[in-house]
Amino acid sequence: MTETLTIRRPDDWHLHLRDGAVLRAVLPETARHFARAIVMPNLVPPVVTGAEAAAYRDRILAALPTGMTFEPLMTLYLTEDTDPDDVAAAHASGLVTAVKLYPAGATTNSASGVRDFDKVRGVLDRMAEIGLPLCVHGEVTDPDIDIFDREAVFIDRVLDPVRRATPGLRVVMEHVTTREARDYVLAQDGGDLAATITVQHLMLDRNAMLVGGLRPHYYCLPILKRGTHRAALVEAAISGDPRFFLGTDSAPHPTRKKEAECCAAGCFTAPVALSCLAHVFEEAGALARLEAFTSLNGPAFYGLPANGDTITLTRGAAAAPLGQIETDAETGPITVFDPGIPLHWRVTP
Ligand code: NCD
Ligand code: ZN
C-alpha cells in the first residue's frame with residue numbers, strides 16, 4: 001500500500017475567505033496547503049468593481065501570517081450594472097482572474113446577482129473578447145423548480161443559451177453536483193468549458209445529510225444529491241480529464257449559524273480538503289491522478305503555470321476530527337467539515 005504521495009502544490013479554484021475576524025481565522029487553513037485560490041466575491045456588500053477587488057486583495061494579504069505565502073486570485077461579482085470597461089481594466093492590470101455569476105437569490109449573499117441576462121450581455125461579450133473566464137453558480141432560482149433539480153434545469157435554460165449567444169466565452173461550471181452537469185461538460189470539446197468539484201460532493205450524498213437526523217454541517221448549495229450523482233462526479237474527478245479540477249467551495253459560517261433553526265449553507269472544508277481527497281482517490285484506486293485534479297488541470301485551464309513546489313501526503317493512523325477553529329468573541333467558533341469516516345492521509349507539515 002502506498003504510504004506517501006508527493007504532488008505539485010495544489011490550488012483551490014473556488015474558495016470563500018470572508019472578511020475581518022473570519023478571514024484572519026480561515027486564511028492560514030488554506031495557505032498552509034494551497035498556493036493560490038480563486039477568491040469568491042460574495043461579501044456583504046459584494047466585490048463588484050476593480051477598486052473593491054484591489055482593496056479586498058490588500059485585506060487578504062494583510063491577514064496572511066508572517067512566513068506564509070499565498071496568492072489570492074481575485075474575482076468580480078457580476079451585477080446587472082457591471083461596467084464592461086471596469087472589468088476589462090481589472091483584467092488588463094492582472095488584478096482579476098475571473099468574473100463570478102450568481103443568479104439572484106441562488107445562494108448565500110447572492111441578492112445582487114443577475115436576474116435579466118440581457119443586461120449583462122455587454123460584459124459577457126467583452127469577457128469573450130479578452131479571454132476572461134466566467135465562473136458560474138449554476139442553479140435556477142425559480143421557486144417552482146425543486147431544489148434537487150435546479151442545476152440540471154439551469155444547464156438547459158440558462159447556461160447553454162448564454163454560451164451559444166456568446167461564442168468564445170470561457171466558462172467554469174462551479175461546484176457541479178449532478179451527472180447532467182458532468183455529461184454537459186463531457187459533451188463540449190472546444191476547450192472553453194470546465195467544471196470544479198468540491199470535497200463534500202465527492203464524499204457524501206444526500207442520505208448522509210438527511211438519514212438518522214439532519215446534519216447541518218453537510219448542508220451546502222448546490223445541495224448534496226443522490227449517490228448516483230456522487231459516483232458520476234468521482235468518475236470525472238479521478239479520470240484525469242483536464243476539464244475537471246478542484247474547487248473546494250470551502251464556505252465558513254459560524255457554528256451558531258449552522259446549528260440554527262434556519263441553517264446557513266456552506267461546508268468549511270479547507271483544513272481537511274486534501275486528507276479527504278486522498279481518501280476518495282485511494283478508494284477509487286486513482287491516487288496517481290490526484291495531482292492532475294488538485295494541481296495541474298486548474299492552472300492549465302486558467303493559462304497559469306502549475307506551482308513549482310510540492311507537498312507530501314502521508315498515510316498513517318486515523319486522525320481525530322478537527323472540531324472547531326476559533327475566531328473572535330462576536331463570531332464564535334467555526335466547525336470544520338467531518339466526513340464521518342476515518343481519514344488516514346494528512347499533509348506532512
Ligand atoms: C457559499 C457561501 O456560504 O458563501 N455557500 C455554499 O453553500 N456553497 C455560497 C456558494 O458558493 O454557493
Ligand atoms: Zn461557493
# chains A, B, ... in the order shown; residues from 1 in each chain; ligands from 1
>>> residues_around(residues="A:Cys263", least_positions_apart="6", cutoff="8 Å", atoms="only C-alpha atoms", output="list in words")
Pro216, Tyr219 and Lys257 of chain A
>>> residues_around(residues="A:Pro84", least_positions_apart="5", cutoff="12 Å", atoms="only C-alpha atoms", output="number ranges by chain")
A: 48-50, 76, 78-79, 89-91, 99, 119-130, 132
>>> residues_around(residues="stretch 313-330 of chain A", least_positions_apart="5", cutoff="12 Å", atoms="only C-alpha atoms", output="JSON, numbers by chain")
{"A": [1, 2, 3, 4, 5, 6, 7, 8, 9, 10, 19, 20, 21, 22, 23, 24, 25, 26, 27, 28, 29, 33, 217, 252, 253, 254, 255, 256, 268, 269, 270, 271, 272, 273, 274, 275, 276, 277, 278, 279, 282, 287, 290, 291, 335, 336, 337, 338, 339, 340, 341, 342, 343, 344, 345, 346, 347, 348, 349]}
>>> residues_around(residues="A:Asp149", least_positions_apart="6", cutoff="10 Å", atoms="only C-alpha atoms", output="PyMOL selection string")
chain A and resi 139-140+178+222-223+225
>>> write_last_selection(atoms="N, CA and C atoms", output="PDB file, in the first residue's frame")
ATOM      1  N   GLU A 139     -27.410  27.312 -10.809  1.00  0.00           N
ATOM      2  CA  GLU A 139     -28.712  26.860 -10.320  1.00  0.00           C
ATOM      3  C   GLU A 139     -29.766  27.904 -10.686  1.00  0.00           C
ATOM      4  N   VAL A 140     -30.909  27.438 -11.183  1.00  0.00           N
ATOM      5  CA  VAL A 140     -32.019  28.374 -11.344  1.00  0.00           C
ATOM      6  C   VAL A 140     -32.613  28.671  -9.974  1.00  0.00           C
ATOM      7  N   THR A 178     -24.134  17.081 -10.266  1.00  0.00           N
ATOM      8  CA  THR A 178     -25.021  16.109 -10.915  1.00  0.00           C
ATOM      9  C   THR A 178     -24.345  15.419 -12.100  1.00  0.00           C
ATOM     10  N   PRO A 222     -24.749  24.147  -4.314  1.00  0.00           N
ATOM     11  CA  PRO A 222     -25.903  23.294  -4.558  1.00  0.00           C
ATOM     12  C   PRO A 222     -25.955  22.122  -3.569  1.00  0.00           C
ATOM     13  N   ILE A 223     -27.178  21.728  -3.248  1.00  0.00           N
ATOM     14  CA  ILE A 223     -27.392  20.731  -2.199  1.00  0.00           C
ATOM     15  C   ILE A 223     -26.845  19.372  -2.632  1.00  0.00           C
ATOM     16  N   LYS A 225     -26.690  15.601  -3.623  1.00  0.00           N
ATOM     17  CA  LYS A 225     -27.641  14.869  -4.454  1.00  0.00           C
ATOM     18  C   LYS A 225     -27.591  13.370  -4.130  1.00  0.00           C
TER      19      LYS A 225
END
>>> atom_distance(atom1="atom 11 (O, counted along the ligand's line) of ligand 1", atom2="atom CA of A:Val176")
11.0 Å
>>> closest_atom_pairs(of="chain A", to="ligand 2", cutoff="8 Å", atoms="only C-alpha atoms and all ligand atoms", output="JSON lines")
{"residue": "A:His14", "atom": "CA", "partner": "ligand 2", "partner_atom_place_in_ligand_line": "1 (Zn)", "distance": 6.3}
{"residue": "A:Leu15", "atom": "CA", "partner": "ligand 2", "partner_atom_place_in_ligand_line": "1 (Zn)", "distance": 6.3}
{"residue": "A:His16", "atom": "CA", "partner": "ligand 2", "partner_atom_place_in_ligand_line": "1 (Zn)", "distance": 6.2}
{"residue": "A:Met40", "atom": "CA", "partner": "ligand 2", "partner_atom_place_in_ligand_line": "1 (Zn)", "distance": 6.7}
{"residue": "A:His137", "atom": "CA", "partner": "ligand 2", "partner_atom_place_in_ligand_line": "1 (Zn)", "distance": 7.8}
{"residue": "A:Glu174", "atom": "CA", "partner": "ligand 2", "partner_atom_place_in_ligand_line": "1 (Zn)", "distance": 7.9}
{"residue": "A:His175", "atom": "CA", "partner": "ligand 2", "partner_atom_place_in_ligand_line": "1 (Zn)", "distance": 7.5}
{"residue": "A:Leu221", "atom": "CA", "partner": "ligand 2", "partner_atom_place_in_ligand_line": "1 (Zn)", "distance": 7.8}
{"residue": "A:Asp249", "atom": "CA", "partner": "ligand 2", "partner_atom_place_in_ligand_line": "1 (Zn)", "distance": 4.4}
{"residue": "A:Ser250", "atom": "CA", "partner": "ligand 2", "partner_atom_place_in_ligand_line": "1 (Zn)", "distance": 7.0}
{"residue": "A:Ala251", "atom": "CA", "partner": "ligand 2", "partner_atom_place_in_ligand_line": "1 (Zn)", "distance": 6.3}
{"residue": "A:Gly266", "atom": "CA", "partner": "ligand 2", "partner_atom_place_in_ligand_line": "1 (Zn)", "distance": 7.6}
>>> write_last_selection(atoms="all heavy atoms", output="mmCIF file, in the first residue's frame")
data_model
loop_
_atom_site.group_PDB
_atom_site.id
_atom_site.type_symbol
_atom_site.label_atom_id
_atom_site.label_comp_id
_atom_site.auth_asym_id
_atom_site.auth_seq_id
_atom_site.Cartn_x
_atom_site.Cartn_y
_atom_site.Cartn_z
ATOM 1 N N HIS A 14 -12.053 27.571 -6.152
ATOM 2 C CA HIS A 14 -13.315 28.180 -5.666
ATOM 3 C C HIS A 14 -13.267 28.184 -4.135
ATOM 4 O O HIS A 14 -13.383 27.142 -3.501
ATOM 5 C CB HIS A 14 -14.527 27.374 -6.144
ATOM 6 C CG HIS A 14 -15.842 27.931 -5.676
ATOM 7 N ND1 HIS A 14 -16.918 28.069 -6.512
ATOM 8 C CD2 HIS A 14 -16.271 28.377 -4.466
ATOM 9 C CE1 HIS A 14 -17.943 28.577 -5.843
ATOM 10 N NE2 HIS A 14 -17.570 28.769 -4.589
ATOM 11 N N LEU A 15 -13.081 29.374 -3.564
ATOM 12 C CA LEU A 15 -12.883 29.463 -2.116
ATOM 13 C C LEU A 15 -13.569 30.699 -1.560
ATOM 14 O O LEU A 15 -13.507 31.779 -2.161
ATOM 15 C CB LEU A 15 -11.378 29.545 -1.820
ATOM 16 C CG LEU A 15 -10.972 29.771 -0.357
ATOM 17 C CD1 LEU A 15 -11.326 28.543 0.503
ATOM 18 C CD2 LEU A 15 -9.477 30.061 -0.246
ATOM 19 N N HIS A 16 -14.171 30.557 -0.376
ATOM 20 C CA HIS A 16 -14.727 31.699 0.358
ATOM 21 C C HIS A 16 -13.814 32.022 1.532
ATOM 22 O O HIS A 16 -13.626 31.178 2.411
ATOM 23 C CB HIS A 16 -16.135 31.378 0.881
ATOM 24 C CG HIS A 16 -17.097 31.079 -0.216
ATOM 25 N ND1 HIS A 16 -17.876 32.056 -0.800
ATOM 26 C CD2 HIS A 16 -17.392 29.925 -0.858
ATOM 27 C CE1 HIS A 16 -18.624 31.507 -1.757
ATOM 28 N NE2 HIS A 16 -18.349 30.220 -1.815
ATOM 29 N N MET A 40 -13.882 33.991 -3.828
ATOM 30 C CA MET A 40 -15.248 34.384 -4.146
ATOM 31 C C MET A 40 -15.558 35.790 -3.648
ATOM 32 O O MET A 40 -15.076 36.198 -2.577
ATOM 33 C CB MET A 40 -16.229 33.386 -3.522
ATOM 34 C CG MET A 40 -16.248 32.066 -4.252
ATOM 35 S SD MET A 40 -16.826 32.290 -5.947
ATOM 36 C CE MET A 40 -15.445 31.662 -6.863
ATOM 37 N N HIS A 137 -22.283 30.038 -10.806
ATOM 38 C CA HIS A 137 -23.079 29.258 -9.855
ATOM 39 C C HIS A 137 -24.303 28.777 -10.630
ATOM 40 O O HIS A 137 -25.216 29.547 -10.905
ATOM 41 C CB HIS A 137 -23.504 30.101 -8.648
ATOM 42 C CG HIS A 137 -24.264 29.303 -7.630
ATOM 43 N ND1 HIS A 137 -23.759 28.966 -6.398
ATOM 44 C CD2 HIS A 137 -25.497 28.720 -7.692
ATOM 45 C CE1 HIS A 137 -24.645 28.225 -5.743
ATOM 46 N NE2 HIS A 137 -25.717 28.065 -6.509
ATOM 47 N N GLU A 174 -19.203 25.880 -11.701
ATOM 48 C CA GLU A 174 -18.621 25.668 -10.392
ATOM 49 C C GLU A 174 -19.395 24.652 -9.584
ATOM 50 O O GLU A 174 -20.593 24.490 -9.747
ATOM 51 C CB GLU A 174 -18.614 26.989 -9.648
ATOM 52 C CG GLU A 174 -17.787 27.982 -10.402
ATOM 53 C CD GLU A 174 -17.491 29.127 -9.523
ATOM 54 O OE1 GLU A 174 -18.370 29.955 -9.349
ATOM 55 O OE2 GLU A 174 -16.388 29.131 -8.971
ATOM 56 N N HIS A 175 -18.674 24.012 -8.693
ATOM 57 C CA HIS A 175 -19.232 23.004 -7.778
ATOM 58 C C HIS A 175 -20.346 22.191 -8.433
ATOM 59 O O HIS A 175 -21.477 22.214 -8.000
ATOM 60 C CB HIS A 175 -19.692 23.628 -6.452
ATOM 61 C CG HIS A 175 -20.429 24.942 -6.550
ATOM 62 N ND1 HIS A 175 -21.513 25.128 -7.351
ATOM 63 C CD2 HIS A 175 -20.222 26.120 -5.919
ATOM 64 C CE1 HIS A 175 -21.950 26.357 -7.223
ATOM 65 N NE2 HIS A 175 -21.175 26.985 -6.367
ATOM 66 N N LEU A 221 -24.902 24.619 -0.799
ATOM 67 C CA LEU A 221 -25.554 24.810 -2.093
ATOM 68 C C LEU A 221 -24.512 24.791 -3.196
ATOM 69 O O LEU A 221 -23.447 25.388 -3.005
ATOM 70 C CB LEU A 221 -26.318 26.142 -2.105
ATOM 71 C CG LEU A 221 -27.537 26.155 -1.177
ATOM 72 C CD1 LEU A 221 -28.114 27.555 -1.073
ATOM 73 C CD2 LEU A 221 -28.596 25.164 -1.655
ATOM 74 N N ASP A 249 -14.920 25.080 -2.605
ATOM 75 C CA ASP A 249 -16.095 25.814 -2.121
ATOM 76 C C ASP A 249 -16.118 25.815 -0.594
ATOM 77 O O ASP A 249 -17.194 25.845 0.012
ATOM 78 C CB ASP A 249 -17.398 25.233 -2.692
ATOM 79 C CG ASP A 249 -18.591 26.168 -2.491
ATOM 80 O OD1 ASP A 249 -18.373 27.359 -2.203
ATOM 81 O OD2 ASP A 249 -19.722 25.686 -2.601
ATOM 82 N N SER A 250 -14.935 25.747 0.012
ATOM 83 C CA SER A 250 -14.885 25.856 1.476
ATOM 84 C C SER A 250 -15.568 27.171 1.858
ATOM 85 O O SER A 250 -15.176 28.241 1.399
ATOM 86 C CB SER A 250 -13.415 25.844 1.925
ATOM 87 O OG SER A 250 -13.336 25.962 3.328
ATOM 88 N N ALA A 251 -16.632 27.053 2.671
ATOM 89 C CA ALA A 251 -17.516 28.209 2.920
ATOM 90 C C ALA A 251 -17.820 28.305 4.405
ATOM 91 O O ALA A 251 -18.811 27.767 4.896
ATOM 92 C CB ALA A 251 -18.804 28.049 2.116
ATOM 93 N N GLY A 266 -23.212 25.987 3.509
ATOM 94 C CA GLY A 266 -21.769 26.015 3.295
ATOM 95 C C GLY A 266 -21.064 25.024 4.194
ATOM 96 O O GLY A 266 -21.449 24.851 5.347
#
>>> select_by_dssp(residues="stretch 172-236 of chain A", states="strand (DSSP E or B)", output="ChimeraX atom specification")
/A:172-173,193-197
>>> write_last_selection(atoms="C-alpha atoms", output="short mmCIF file (atom, residue, chain, number, x, y, z; two decimals), in the first residue's frame")
data_model
loop_
_atom_site.label_atom_id
_atom_site.label_comp_id
_atom_site.auth_asym_id
_atom_site.auth_seq_id
_atom_site.Cartn_x
_atom_site.Cartn_y
_atom_site.Cartn_z
CA VAL A 172 -16.22 27.31 -15.33
CA MET A 173 -19.29 25.48 -14.06
CA LEU A 193 -15.77 24.85 -20.64
CA ALA A 194 -14.51 23.29 -17.43
CA ALA A 195 -16.01 22.36 -14.06
CA THR A 196 -14.89 22.39 -10.46
CA ILE A 197 -15.92 19.75 -7.94
#
>>> residues_around(residues="A:Leu43", least_positions_apart="5", cutoff="10 Å", atoms="only C-alpha atoms", output="list in words")
His16, Leu17, Arg18, Asp19, Val48, Tyr56, Tyr77, Thr108, Asn109 and Ser110 of chain A
>>> residues_around(residues="stretch 66-71 of chain A", least_positions_apart="2", cutoff="7 Å", atoms="only C-alpha atoms", output="list in words")
Ala31, Ala35, Arg36, Ala37, Leu64 and Leu73 of chain A
>>> closest_residue(among="A:Ala300, A:Leu101, A:Ala264, A:Ala111", to="ligand 1", atoms="only C-alpha atoms and all ligand atoms")
A:Ala264
>>> closest_residue(among="A:Asp144, A:Asp116, A:Asp160, A:Glu151", to="ligand 1", atoms="only C-alpha atoms and all ligand atoms")
A:Glu151
>>> atom_distance(atom1="atom CA of A:Asp192", atom2="atom 5 (N, counted along the ligand's line) of ligand 1")
25.2 Å
>>> closest_residue(among="A:Val162, A:Ile311, A:Val185, A:Val39", to="ligand 1", atoms="only C-alpha atoms and all ligand atoms")
A:Val39
>>> atom_distance(atom1="atom CA of A:Leu246", atom2="atom CA of A:Asn297")
8.6 Å
>>> closest_residue(among="A:Leu304, A:Ile38, A:Leu296, A:Leu169", to="ligand 1", atoms="only C-alpha atoms and all ligand atoms")
A:Ile38
>>> closest_residue(among="A:Tyr218, A:Tyr302, A:Phe281, A:Phe293", to="A:Asp241", atoms="only C-alpha atoms")
A:Phe293
>>> decode(residues="stretch 89-103 of chain A", atoms="all heavy atoms", output="compact mmCIF listing (two decimals), in the first residue's frame")
# COMPACT_ATOMS: atom_id res chain seq x y z
N ALA A 89 -10.43 46.63 -17.53
CA ALA A 89 -9.25 47.27 -16.92
C ALA A 89 -8.72 46.42 -15.77
O ALA A 89 -7.51 46.25 -15.62
CB ALA A 89 -9.62 48.68 -16.43
N ALA A 90 -9.62 45.84 -14.97
CA ALA A 90 -9.19 45.00 -13.84
C ALA A 90 -8.48 43.75 -14.34
O ALA A 90 -7.54 43.26 -13.72
CB ALA A 90 -10.39 44.62 -12.97
N HIS A 91 -8.92 43.26 -15.48
CA HIS A 91 -8.26 42.09 -16.08
C HIS A 91 -6.90 42.48 -16.65
O HIS A 91 -5.89 41.80 -16.40
CB HIS A 91 -9.16 41.52 -17.17
CG HIS A 91 -8.53 40.43 -17.97
ND1 HIS A 91 -8.18 39.21 -17.42
CD2 HIS A 91 -8.19 40.35 -19.28
CE1 HIS A 91 -7.64 38.44 -18.36
NE2 HIS A 91 -7.63 39.12 -19.50
N ALA A 92 -6.87 43.60 -17.38
CA ALA A 92 -5.62 44.02 -18.04
C ALA A 92 -4.52 44.29 -17.02
O ALA A 92 -3.35 44.03 -17.27
CB ALA A 92 -5.88 45.26 -18.89
N SER A 93 -4.89 44.80 -15.84
CA SER A 93 -3.88 45.12 -14.82
C SER A 93 -3.41 43.87 -14.08
O SER A 93 -2.52 43.94 -13.24
CB SER A 93 -4.46 46.11 -13.81
OG SER A 93 -5.40 45.44 -12.99
N GLY A 94 -4.03 42.72 -14.35
CA GLY A 94 -3.62 41.48 -13.68
C GLY A 94 -4.31 41.28 -12.34
O GLY A 94 -4.07 40.30 -11.64
N LEU A 95 -5.20 42.21 -11.98
CA LEU A 95 -5.84 42.13 -10.66
C LEU A 95 -6.87 40.99 -10.60
O LEU A 95 -7.00 40.32 -9.57
CB LEU A 95 -6.54 43.47 -10.37
CG LEU A 95 -7.44 43.52 -9.15
CD1 LEU A 95 -6.61 43.36 -7.88
CD2 LEU A 95 -8.22 44.82 -9.11
N VAL A 96 -7.60 40.80 -11.68
CA VAL A 96 -8.75 39.92 -11.63
C VAL A 96 -8.57 38.72 -12.55
O VAL A 96 -8.12 38.86 -13.69
CB VAL A 96 -10.01 40.75 -12.01
CG1 VAL A 96 -11.10 39.87 -12.55
CG2 VAL A 96 -10.50 41.54 -10.80
N THR A 97 -8.88 37.53 -12.04
CA THR A 97 -8.67 36.28 -12.78
C THR A 97 -9.97 35.74 -13.37
O THR A 97 -9.95 34.94 -14.29
CB THR A 97 -8.05 35.23 -11.83
OG1 THR A 97 -6.85 35.77 -11.30
CG2 THR A 97 -7.72 33.93 -12.53
N ALA A 98 -11.12 36.14 -12.81
CA ALA A 98 -12.41 35.65 -13.31
C ALA A 98 -13.51 36.58 -12.84
O ALA A 98 -13.31 37.41 -11.95
CB ALA A 98 -12.68 34.23 -12.80
N VAL A 99 -14.67 36.42 -13.46
CA VAL A 99 -15.89 37.13 -13.04
C VAL A 99 -16.87 36.07 -12.58
O VAL A 99 -16.95 34.99 -13.16
CB VAL A 99 -16.47 37.96 -14.20
CG1 VAL A 99 -17.84 38.52 -13.85
CG2 VAL A 99 -15.51 39.09 -14.57
N LYS A 100 -17.61 36.38 -11.51
CA LYS A 100 -18.49 35.39 -10.91
C LYS A 100 -19.95 35.72 -11.18
O LYS A 100 -20.41 36.83 -10.89
CB LYS A 100 -18.25 35.35 -9.41
CG LYS A 100 -19.23 34.50 -8.62
CD LYS A 100 -18.97 33.03 -8.81
CE LYS A 100 -20.10 32.21 -8.21
NZ LYS A 100 -19.63 31.08 -7.44
N LEU A 101 -20.66 34.75 -11.70
CA LEU A 101 -22.09 34.91 -11.95
C LEU A 101 -22.90 34.16 -10.90
O LEU A 101 -22.81 32.94 -10.80
CB LEU A 101 -22.45 34.36 -13.33
CG LEU A 101 -23.95 34.16 -13.58
CD1 LEU A 101 -24.69 35.49 -13.60
CD2 LEU A 101 -24.18 33.42 -14.88
N TYR A 102 -23.65 34.92 -10.11
CA TYR A 102 -24.66 34.32 -9.23
C TYR A 102 -26.02 34.68 -9.78
O TYR A 102 -26.34 35.88 -9.87
CB TYR A 102 -24.59 34.90 -7.81
CG TYR A 102 -23.40 34.50 -6.99
CD1 TYR A 102 -22.34 35.38 -6.81
CD2 TYR A 102 -23.35 33.26 -6.35
CE1 TYR A 102 -21.25 35.03 -6.03
CE2 TYR A 102 -22.26 32.91 -5.57
CZ TYR A 102 -21.22 33.80 -5.42
OH TYR A 102 -20.15 33.45 -4.65
N PRO A 103 -26.86 33.69 -10.13
CA PRO A 103 -28.25 34.05 -10.38
C PRO A 103 -28.81 34.65 -9.08
O PRO A 103 -28.54 34.12 -7.99
CB PRO A 103 -28.92 32.72 -10.69
CG PRO A 103 -27.80 31.79 -11.07
CD PRO A 103 -26.61 32.25 -10.27
